[in-house]
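final_13.txt (compact mmCIF, C-alpha atoms and all ligand atoms) appears below.
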# COMPACT_ATOMS: atom_id res chain seq x y z
CA MET A 24 7.87 9.53 -18.20
CA ASN A 25 7.03 6.89 -20.83
CA SER A 26 5.83 3.30 -20.57
CA ASP A 27 9.35 1.84 -20.94
CA LYS A 28 10.65 3.67 -17.86
CA LEU A 29 8.71 3.66 -14.61
CA SER A 30 9.51 4.99 -11.15
CA ALA A 31 11.30 2.41 -8.96
CA ARG A 32 8.15 2.40 -6.81
CA LEU A 33 5.81 1.41 -9.67
CA GLU A 34 8.39 -0.99 -11.08
CA MET A 35 8.34 -2.81 -7.75
CA VAL A 36 4.53 -3.00 -7.98
CA ALA A 37 4.84 -4.35 -11.56
CA LYS A 38 7.29 -7.04 -10.41
CA TYR A 39 4.51 -8.70 -8.39
CA VAL A 40 1.90 -8.83 -11.17
CA PRO A 41 1.49 -12.52 -12.11
CA LYS A 42 2.55 -13.31 -15.68
CA GLY A 43 -0.41 -13.36 -18.06
CA ALA A 44 -2.91 -11.98 -15.53
CA SER A 45 -5.55 -9.43 -16.47
CA VAL A 46 -5.11 -6.36 -14.29
CA ALA A 47 -7.10 -3.38 -13.02
CA ASP A 48 -5.02 -0.42 -11.90
CA ILE A 49 -7.24 1.80 -9.74
CA GLY A 50 -6.25 5.47 -9.42
CA SER A 51 -4.14 5.02 -12.53
CA ASP A 52 -3.54 8.72 -13.25
CA HIS A 53 -1.57 8.71 -16.56
CA ALA A 54 -1.99 4.91 -16.86
CA TYR A 55 1.80 4.54 -16.76
CA LEU A 56 1.60 1.24 -14.90
CA PRO A 57 -0.91 -0.54 -17.22
CA CYS A 58 0.98 0.71 -20.31
CA PHE A 59 4.24 -0.63 -18.86
CA LEU A 60 2.64 -3.99 -17.95
CA VAL A 61 1.14 -4.50 -21.40
CA LYS A 62 4.28 -3.45 -23.28
CA ASN A 63 6.95 -5.07 -21.14
CA PHE A 64 5.33 -7.82 -19.05
CA GLY A 65 3.07 -9.45 -21.64
CA ILE A 66 -0.10 -8.55 -19.72
CA PRO A 67 -2.96 -9.33 -22.15
CA PHE A 68 -5.59 -6.88 -20.86
CA ALA A 69 -5.79 -4.07 -18.33
CA VAL A 70 -8.32 -1.62 -16.96
CA ALA A 71 -7.09 1.83 -15.95
CA GLY A 72 -9.58 3.31 -13.47
CA GLU A 73 -9.72 6.97 -12.48
CA VAL A 74 -12.20 8.97 -10.43
CA ALA A 75 -10.92 12.44 -11.40
CA GLU A 76 -11.53 13.98 -14.82
CA GLY A 77 -8.01 15.42 -15.39
CA PRO A 78 -6.09 12.18 -14.66
CA PHE A 79 -8.75 10.20 -16.60
CA GLN A 80 -8.13 12.38 -19.68
CA SER A 81 -4.33 11.98 -19.22
CA ALA A 82 -4.77 8.20 -19.14
CA VAL A 83 -6.92 8.24 -22.29
CA ARG A 84 -4.36 10.41 -24.12
CA ASN A 85 -1.41 8.27 -23.03
CA VAL A 86 -3.07 4.96 -23.92
CA ASN A 87 -4.13 6.30 -27.33
CA ALA A 88 -0.70 7.81 -28.02
CA GLN A 89 0.90 4.42 -27.43
CA GLY A 90 -1.61 2.58 -29.59
CA LEU A 91 -2.81 0.45 -26.68
CA SER A 92 -6.52 1.28 -26.62
CA ASP A 93 -7.50 -2.23 -27.78
CA VAL A 94 -5.82 -3.83 -24.73
CA ILE A 95 -6.18 -1.11 -22.08
CA SER A 96 -9.68 0.05 -21.23
CA VAL A 97 -9.58 3.46 -19.55
CA ARG A 98 -12.65 3.96 -17.37
CA THR A 99 -13.91 6.72 -15.16
CA GLY A 100 -15.48 5.87 -11.80
CA ASP A 101 -14.99 5.47 -8.08
CA GLY A 102 -12.66 2.65 -6.97
CA LEU A 103 -13.71 -0.83 -8.08
CA ASP A 104 -16.97 0.42 -9.66
CA VAL A 105 -15.02 0.44 -12.94
CA VAL A 106 -14.51 -3.35 -13.05
CA GLY A 107 -16.98 -6.16 -13.65
CA PRO A 108 -17.42 -8.93 -11.01
CA ASP A 109 -15.24 -11.52 -12.80
CA GLU A 110 -13.24 -9.29 -15.08
CA VAL A 111 -9.70 -9.23 -13.66
CA GLU A 112 -7.28 -11.50 -11.79
CA CYS A 113 -5.06 -8.87 -10.26
CA ILE A 114 -5.70 -5.41 -8.83
CA THR A 115 -3.06 -2.74 -8.25
CA ILE A 116 -3.73 0.41 -6.24
CA ALA A 117 -0.75 2.73 -5.74
CA GLY A 118 0.07 6.23 -4.54
CA MET A 119 -2.83 6.82 -2.11
CA GLY A 120 -3.24 6.64 1.65
CA GLY A 121 -3.75 3.18 3.16
CA THR A 122 -7.11 4.19 4.66
CA LEU A 123 -8.43 5.20 1.22
CA ILE A 124 -7.11 1.98 -0.34
CA ALA A 125 -8.81 -0.10 2.39
CA SER A 126 -12.09 1.78 1.86
CA ILE A 127 -11.90 1.16 -1.91
CA LEU A 128 -11.48 -2.58 -1.23
CA GLU A 129 -14.29 -2.59 1.33
CA LYS A 130 -16.73 -0.81 -1.01
CA GLY A 131 -15.75 -3.04 -3.93
CA LYS A 132 -15.71 -6.42 -2.16
CA ASP A 133 -18.19 -7.89 -4.65
CA LYS A 134 -15.62 -7.33 -7.42
CA LEU A 135 -12.95 -9.46 -5.80
CA GLY A 136 -14.35 -12.92 -6.67
CA SER A 137 -11.99 -13.56 -9.59
CA VAL A 138 -9.09 -11.59 -8.10
CA LYS A 139 -6.15 -13.77 -7.11
CA ARG A 140 -3.71 -11.07 -6.07
CA LEU A 141 -3.88 -7.54 -4.66
CA ILE A 142 -0.78 -5.36 -4.99
CA LEU A 143 -1.16 -2.24 -2.88
CA GLN A 144 1.21 0.66 -2.38
CA PRO A 145 0.00 2.99 0.38
CA ASN A 146 1.89 6.26 0.85
CA ILE A 147 0.91 6.23 4.54
CA HIS A 148 -1.06 4.03 6.98
CA ALA A 149 -0.20 0.59 5.61
CA LEU A 150 -1.69 -0.56 8.93
CA SER A 151 -5.24 0.05 7.58
CA ILE A 152 -4.57 -2.37 4.72
CA ARG A 153 -3.07 -5.06 6.96
CA LYS A 154 -6.16 -4.78 9.19
CA TRP A 155 -8.48 -5.00 6.16
CA PHE A 156 -6.63 -8.13 4.97
CA LEU A 157 -7.03 -9.67 8.40
CA GLU A 158 -10.76 -8.93 8.59
CA ASN A 159 -11.44 -10.16 5.05
CA ASN A 160 -9.38 -13.37 4.84
CA TRP A 161 -6.68 -12.02 2.55
CA GLU A 162 -3.27 -13.34 3.49
CA LEU A 163 -0.37 -10.93 3.32
CA LYS A 164 2.11 -12.85 1.15
CA ALA A 165 4.99 -10.40 0.78
CA GLU A 166 5.99 -6.83 1.55
CA GLU A 167 8.52 -4.44 0.09
CA ILE A 168 9.89 -1.14 1.32
CA LEU A 169 11.93 1.25 -0.76
CA GLU A 170 13.17 4.81 -0.78
CA GLU A 171 12.81 6.98 -3.85
CA ASP A 172 13.34 10.74 -4.12
CA GLY A 173 13.59 11.09 -0.35
CA LYS A 174 10.29 9.26 0.33
CA ILE A 175 9.86 5.78 1.74
CA TYR A 176 7.17 3.56 0.25
CA GLU A 177 5.70 0.23 1.36
CA ILE A 178 4.15 -2.31 -0.99
CA LEU A 179 1.82 -5.03 0.29
CA ILE A 180 0.95 -8.16 -1.68
CA GLY A 181 -2.14 -10.14 -0.67
CA GLU A 182 -3.85 -13.36 -1.76
CA LYS A 183 -6.88 -15.13 -0.37
CA GLY A 184 -5.79 -17.47 2.38
CA ASP A 185 -4.98 -17.68 6.06
CA ALA A 186 -4.99 -14.03 7.11
CA LYS A 187 -3.46 -14.63 10.55
CA LYS A 188 -0.59 -16.81 9.31
CA PRO A 189 2.05 -14.08 8.76
CA TYR A 190 1.71 -12.68 12.28
CA GLY A 191 2.27 -15.62 14.65
CA ASN A 192 1.98 -14.34 18.22
CA ASN A 193 3.18 -10.85 17.37
CA MET A 194 0.02 -9.31 15.97
CA ASP A 195 0.32 -5.72 17.24
CA ALA A 196 3.89 -5.18 15.99
CA GLY A 197 3.17 -7.10 12.78
CA LEU A 198 0.17 -4.96 11.91
CA LEU A 199 2.04 -1.73 12.53
CA PHE A 200 5.47 -2.47 11.05
CA GLY A 201 4.68 -5.38 8.72
CA PRO A 202 5.48 -8.99 9.61
CA TYR A 203 7.91 -9.46 6.69
CA LEU A 204 9.39 -5.96 6.74
CA SER A 205 10.23 -6.17 10.44
CA LYS A 206 12.13 -9.41 9.76
CA SER A 207 13.93 -8.15 6.66
CA ARG A 208 15.18 -5.09 8.61
CA SER A 209 16.29 -3.10 5.57
CA GLU A 210 17.88 0.34 5.71
CA ALA A 211 14.65 2.00 4.54
CA PHE A 212 12.72 0.19 7.28
CA PHE A 213 15.04 1.48 10.01
CA LYS A 214 15.02 4.98 8.55
CA LYS A 215 11.21 5.13 8.40
CA TRP A 216 10.52 3.76 11.87
CA SER A 217 13.38 5.55 13.66
CA ALA A 218 11.91 8.82 12.34
CA GLU A 219 8.35 7.81 13.32
CA LYS A 220 9.50 6.80 16.79
CA LYS A 221 11.25 10.16 17.30
CA ASN A 222 8.04 11.88 16.26
CA TRP A 223 5.94 9.82 18.70
CA GLU A 224 8.42 10.60 21.49
CA ARG A 225 8.23 14.32 20.71
CA ILE A 226 4.41 14.30 20.85
CA TYR A 227 4.48 12.19 24.02
CA THR A 228 6.76 14.72 25.75
CA GLN A 229 4.43 17.57 24.73
CA LEU A 230 1.45 15.69 26.17
CA VAL A 231 3.26 15.01 29.44
CA HIS A 232 3.59 18.77 29.85
CA ALA A 233 0.02 19.53 28.72
CA SER A 234 -3.00 19.58 31.04
CA GLU A 235 -4.21 16.10 31.99
CA THR A 236 -7.46 15.51 30.07
CA GLU A 237 -9.05 12.13 29.41
CA GLU A 238 -8.24 12.50 25.69
CA ALA A 239 -4.57 13.35 26.36
CA SER A 240 -4.28 10.38 28.68
CA VAL A 241 -5.64 7.95 26.04
CA LYS A 242 -3.33 9.46 23.40
CA LYS A 243 -0.31 9.08 25.72
CA GLN A 244 -1.13 5.41 26.31
CA GLU A 245 -1.38 4.82 22.55
CA LEU A 246 1.90 6.61 21.88
CA LEU A 247 3.65 4.75 24.65
CA MET A 248 2.48 1.43 23.24
CA LYS A 249 3.76 2.35 19.75
CA ILE A 250 7.08 3.60 21.15
CA ARG A 251 7.57 0.30 23.04
CA LEU A 252 6.71 -1.72 19.91
CA ALA A 253 9.16 0.37 17.87
CA GLU A 254 11.88 -0.21 20.48
CA GLY A 255 11.27 -3.93 19.96
CA VAL A 256 11.74 -3.89 16.20
CA LEU A 257 14.55 -1.32 16.13
CA VAL A 258 16.50 -2.87 18.97
CA ASN A 259 19.58 -4.05 17.06
CA GLU A 260 19.94 -0.85 15.07
CA GLU A 261 19.79 1.45 18.09
CA SER A 262 22.01 -0.52 20.50
N1 LIG B 1 -1.33 5.19 -9.24
C1 LIG B 1 -0.50 6.30 -9.71
C2 LIG B 1 0.85 6.23 -9.07
O1 LIG B 1 1.02 5.47 -8.11
O2 LIG B 1 1.76 6.93 -9.51
C3 LIG B 1 -1.15 7.62 -9.42
C4 LIG B 1 -1.21 8.00 -7.98
S1 LIG B 1 -2.05 9.52 -7.74
C5 LIG B 1 -1.19 10.22 -6.43
C6 LIG B 1 -3.57 8.99 -7.01
C7 LIG B 1 -4.66 8.88 -8.06
O3 LIG B 1 -5.75 8.16 -7.50
C8 LIG B 1 -5.20 10.24 -8.48
O4 LIG B 1 -5.11 10.35 -9.88
C9 LIG B 1 -6.65 10.22 -8.00
O5 LIG B 1 -7.53 10.90 -8.87
C10 LIG B 1 -6.96 8.74 -7.96
N2 LIG B 1 -8.00 8.34 -7.01
C11 LIG B 1 -8.18 8.78 -5.75
N3 LIG B 1 -9.27 8.19 -5.20
C12 LIG B 1 -9.77 7.35 -6.15
C13 LIG B 1 -10.90 6.49 -6.19
N4 LIG B 1 -11.72 6.35 -5.15
N5 LIG B 1 -11.12 5.78 -7.32
C14 LIG B 1 -10.30 5.91 -8.40
N6 LIG B 1 -9.24 6.74 -8.41
C15 LIG B 1 -8.98 7.45 -7.30
Re-express the file's structure as structure tokens.
Amino acid sequence: MNSDKLSARLEMVAKYVPKGASVADIGSDHAYLPCFLVKNFGIPFAVAGEVAEGPFQSAVRNVNAQGLSDVISVRTGDGLDVVGPDEVECITIAGMGGTLIASILEKGKDKLGSVKRLILQPNIHALSIRKWFLENNWELKAEEILEEDGKIYEILIGEKGDAKKPYGNNMDAGLLFGPYLSKSRSEAFFKKWSAEKKNWERIYTQLVHASETEEASVKKQELLMKIRLAEGVLVNEES
């Protein structure tokens, strides 16, 4: 891959970066996204952060090879430790689990003062990010869902604001499925949640036949609640 051609997933992330904003891409791996943003989107300055040595070295090599080392600073460190308190206006974190992304934001809260937009692409558990937004007064402004190479990805865009606003009186379903995604009802959305619902039903049936422990009973209640919520959002597709 080079910096002129990105995956559809990362291109969708790039689409939400505000024009002219300075950006930190955390967990940047080869730094494909910052290179693309600087070369094609007129982004003036970016930080590429990496915690692991191999990906950090790949990012350094790629940035140097493209002659971008004066505008992309490749840094090694955990999460938001690599950025200064008022250094960037936009943060992207892509290709990790939602729980890890939420923990990176939680640990790096003091770095978010100057940040106007968060663009987050969890591979799983987007729910953890929506909950973190809610608890930290970040308003979910938009969501995307797309399928690429047989995998379905969600992208969440947040800005400081009224964290409860997107959910109205449908908080449980909104947190799980996404308040915008459940309204947009795209093909990828139906595919993802129909498969998840089938999986929950399969586990539920196994638990019904298992011995009745306190733990199994709690798990069954949780599954049943998620299955009912999924029935609500998938209703038109399944009928
Ligand atoms: N962001 C790229 C993308 O979406 O294609 C790379 C995703 S790759 C699967 C995840 C990267 O995040 C890995 O290179 C990993 O080393 C890095 N990573 C994981 N935890 C991190 C942390 N706490 N801080 C910085 N980087 C981290």
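Taking atom CA of Ala239 of chain A and atom CA of Tyr227 of chain A as endpoints, the distance between them is 9.4 Å.
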Exercise on segment 33-43 of chain A, axis-aligned box with 4 Å per side, report centre and edge lengths in Å to one decimal, as JSON:
{"center_x": 4.0, "center_y": -6.0, "center_z": -12.9, "size_x": 16.8, "size_y": 22.8, "size_z": 18.3}
(request) Produce as a PyMOL selection string the set of residues near ligand LIG 1 (chain B), where near means within 8 Å with all atoms listed in the file considered. (result) chain A and resi 32-33+48-56+72-79+99-103+116-119+123-124+127+144
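Restricting the calculation to all atoms listed in the file, the smallest distance between Leu169 of chain A and any of A:Lys214, A:Lys220, A:Lys28, A:His232 is found for A:Lys214.
The closest residue to Asn159 of chain A, picked from A:Gly191, A:Asn146, A:Glu182, A:Leu91 and counting all atoms listed in the file, is A:Glu182.
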(message) Just to confirm, what's the straight-line distance from atom CA of Leu163 of chain A to atom CA of Pro202 of chain A in Å (one decimal)?
(response) 8.8 Å
(message) Quick check, in Å to one decimal: how far apart do atom CA of Ala69 of chain A and atom CA of Ser151 of chain A lie?
(response) 26.2 Å
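Of the residues listed (A:Val111, A:Ile175, A:Val86, A:Ile66), A:Ile175 shows the shortest atom-to-atom separation from Ala31 of chain A; distances use all atoms listed in the file.
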What lies within 9 Å of Leu135 of chain A using only C-alpha atoms, ignoring chain neighbours under 2 positions off, as a short mmCIF file (atom, residue, chain, number, x, y, z; two decimals) with C-alpha atoms, in the coordinates of the input?
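Contents of the output file selection-v9.cif:
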data_model
loop_
_atom_site.label_atom_id
_atom_site.label_comp_id
_atom_site.auth_asym_id
_atom_site.auth_seq_id
_atom_site.Cartn_x
_atom_site.Cartn_y
_atom_site.Cartn_z
CA LEU A 103 -13.71 -0.83 -8.08
CA PRO A 108 -17.42 -8.93 -11.01
CA ASP A 109 -15.24 -11.52 -12.80
CA VAL A 111 -9.70 -9.23 -13.66
CA GLU A 112 -7.28 -11.50 -11.79
CA ILE A 114 -5.70 -5.41 -8.83
CA LEU A 128 -11.48 -2.58 -1.23
CA GLY A 131 -15.75 -3.04 -3.93
CA LYS A 132 -15.71 -6.42 -2.16
CA ASP A 133 -18.19 -7.89 -4.65
CA SER A 137 -11.99 -13.56 -9.59
CA VAL A 138 -9.09 -11.59 -8.10
CA LYS A 139 -6.15 -13.77 -7.11
#
For Glu34 of chain A, work out the shell of residues within 10 Å, counting all atoms listed in the file and skipping chain neighbours fewer than 4 positions away, then give it as a short mmCIF file (atom, residue, chain, number, x, y, z; two decimals) with C-alpha atoms, keeping the file's coordinate frame.
data_model
loop_
_atom_site.label_atom_id
_atom_site.label_comp_id
_atom_site.auth_asym_id
_atom_site.auth_seq_id
_atom_site.Cartn_x
_atom_site.Cartn_y
_atom_site.Cartn_z
CA LYS A 28 10.65 3.67 -17.86
CA LEU A 29 8.71 3.66 -14.61
CA SER A 30 9.51 4.99 -11.15
CA LYS A 38 7.29 -7.04 -10.41
CA TYR A 39 4.51 -8.70 -8.39
CA LEU A 56 1.60 1.24 -14.90
CA PHE A 59 4.24 -0.63 -18.86
CA LEU A 60 2.64 -3.99 -17.95
#
(message) List the spatial neighbours of Ile152 of chain A as JSON, numbers by chain - criterion: any atom at most 8 Å away, all atoms listed in the file, same-chain residues fewer than 6 positions off excluded.
(response) {"A": [121, 122, 124, 125]}
(message) So, with only C-alpha atoms as the atoms that count, which of A:Asp104, A:Glu158, A:Asp172, A:Glu238 lies closest to Lys134 of chain A?
(response) A:Asp104
(message) Counting only C-alpha atoms, I want the residues whose atoms come within 12 Å of (4.9, 10.1, 16.1) in the file frame, returned as number ranges by chain.
(response) A: 215-229, 242-243, 245-250, 253
(message) At a cut-off of 12 Å around the point (-1.1, -5.7, -22.7) (file coordinates), what residues fall inside when counting only C-alpha atoms? I'd like the answer as an MDAnalysis selection string.
(response) chainID A and resid 26 42:47 56:71 86 89:96
File dump, residues just selected, C-alpha atoms, as a compact mmCIF listing (two decimals), keeping the file's coordinate frame:
# COMPACT_ATOMS: atom_id res chain seq x y z
CA SER A 26 5.83 3.30 -20.57
CA LYS A 42 2.55 -13.31 -15.68
CA GLY A 43 -0.41 -13.36 -18.06
CA ALA A 44 -2.91 -11.98 -15.53
CA SER A 45 -5.55 -9.43 -16.47
CA VAL A 46 -5.11 -6.36 -14.29
CA ALA A 47 -7.10 -3.38 -13.02
CA LEU A 56 1.60 1.24 -14.90
CA PRO A 57 -0.91 -0.54 -17.22
CA CYS A 58 0.98 0.71 -20.31
CA PHE A 59 4.24 -0.63 -18.86
CA LEU A 60 2.64 -3.99 -17.95
CA VAL A 61 1.14 -4.50 -21.40
CA LYS A 62 4.28 -3.45 -23.28
CA ASN A 63 6.95 -5.07 -21.14
CA PHE A 64 5.33 -7.82 -19.05
CA GLY A 65 3.07 -9.45 -21.64
CA ILE A 66 -0.10 -8.55 -19.72
CA PRO A 67 -2.96 -9.33 -22.15
CA PHE A 68 -5.59 -6.88 -20.86
CA ALA A 69 -5.79 -4.07 -18.33
CA VAL A 70 -8.32 -1.62 -16.96
CA ALA A 71 -7.09 1.83 -15.95
CA VAL A 86 -3.07 4.96 -23.92
CA GLN A 89 0.90 4.42 -27.43
CA GLY A 90 -1.61 2.58 -29.59
CA LEU A 91 -2.81 0.45 -26.68
CA SER A 92 -6.52 1.28 -26.62
CA ASP A 93 -7.50 -2.23 -27.78
CA VAL A 94 -5.82 -3.83 -24.73
CA ILE A 95 -6.18 -1.11 -22.08
CA SER A 96 -9.68 0.05 -21.23
(request) Compile the contact shell of Met194 of chain A as a PyMOL selection string: residues with an atom at most 12 Å away, counting only C-alpha atoms, same-chain residues fewer than 6 positions apart removed. (result) chain A and resi 150+153-154+157+186-188+200-202+252
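When all atoms listed in the file are used to compute distances to Arg208 of chain A, the closest of the residues A:Ala149, A:Ile180, A:Val256, A:Val105 turns out to be A:Val256.
Using all atoms listed in the file for every distance, the candidate list A:His148, A:Arg140, A:Lys206, A:Arg98 yields A:Arg140 as the residue closest to Lys183 of chain A.
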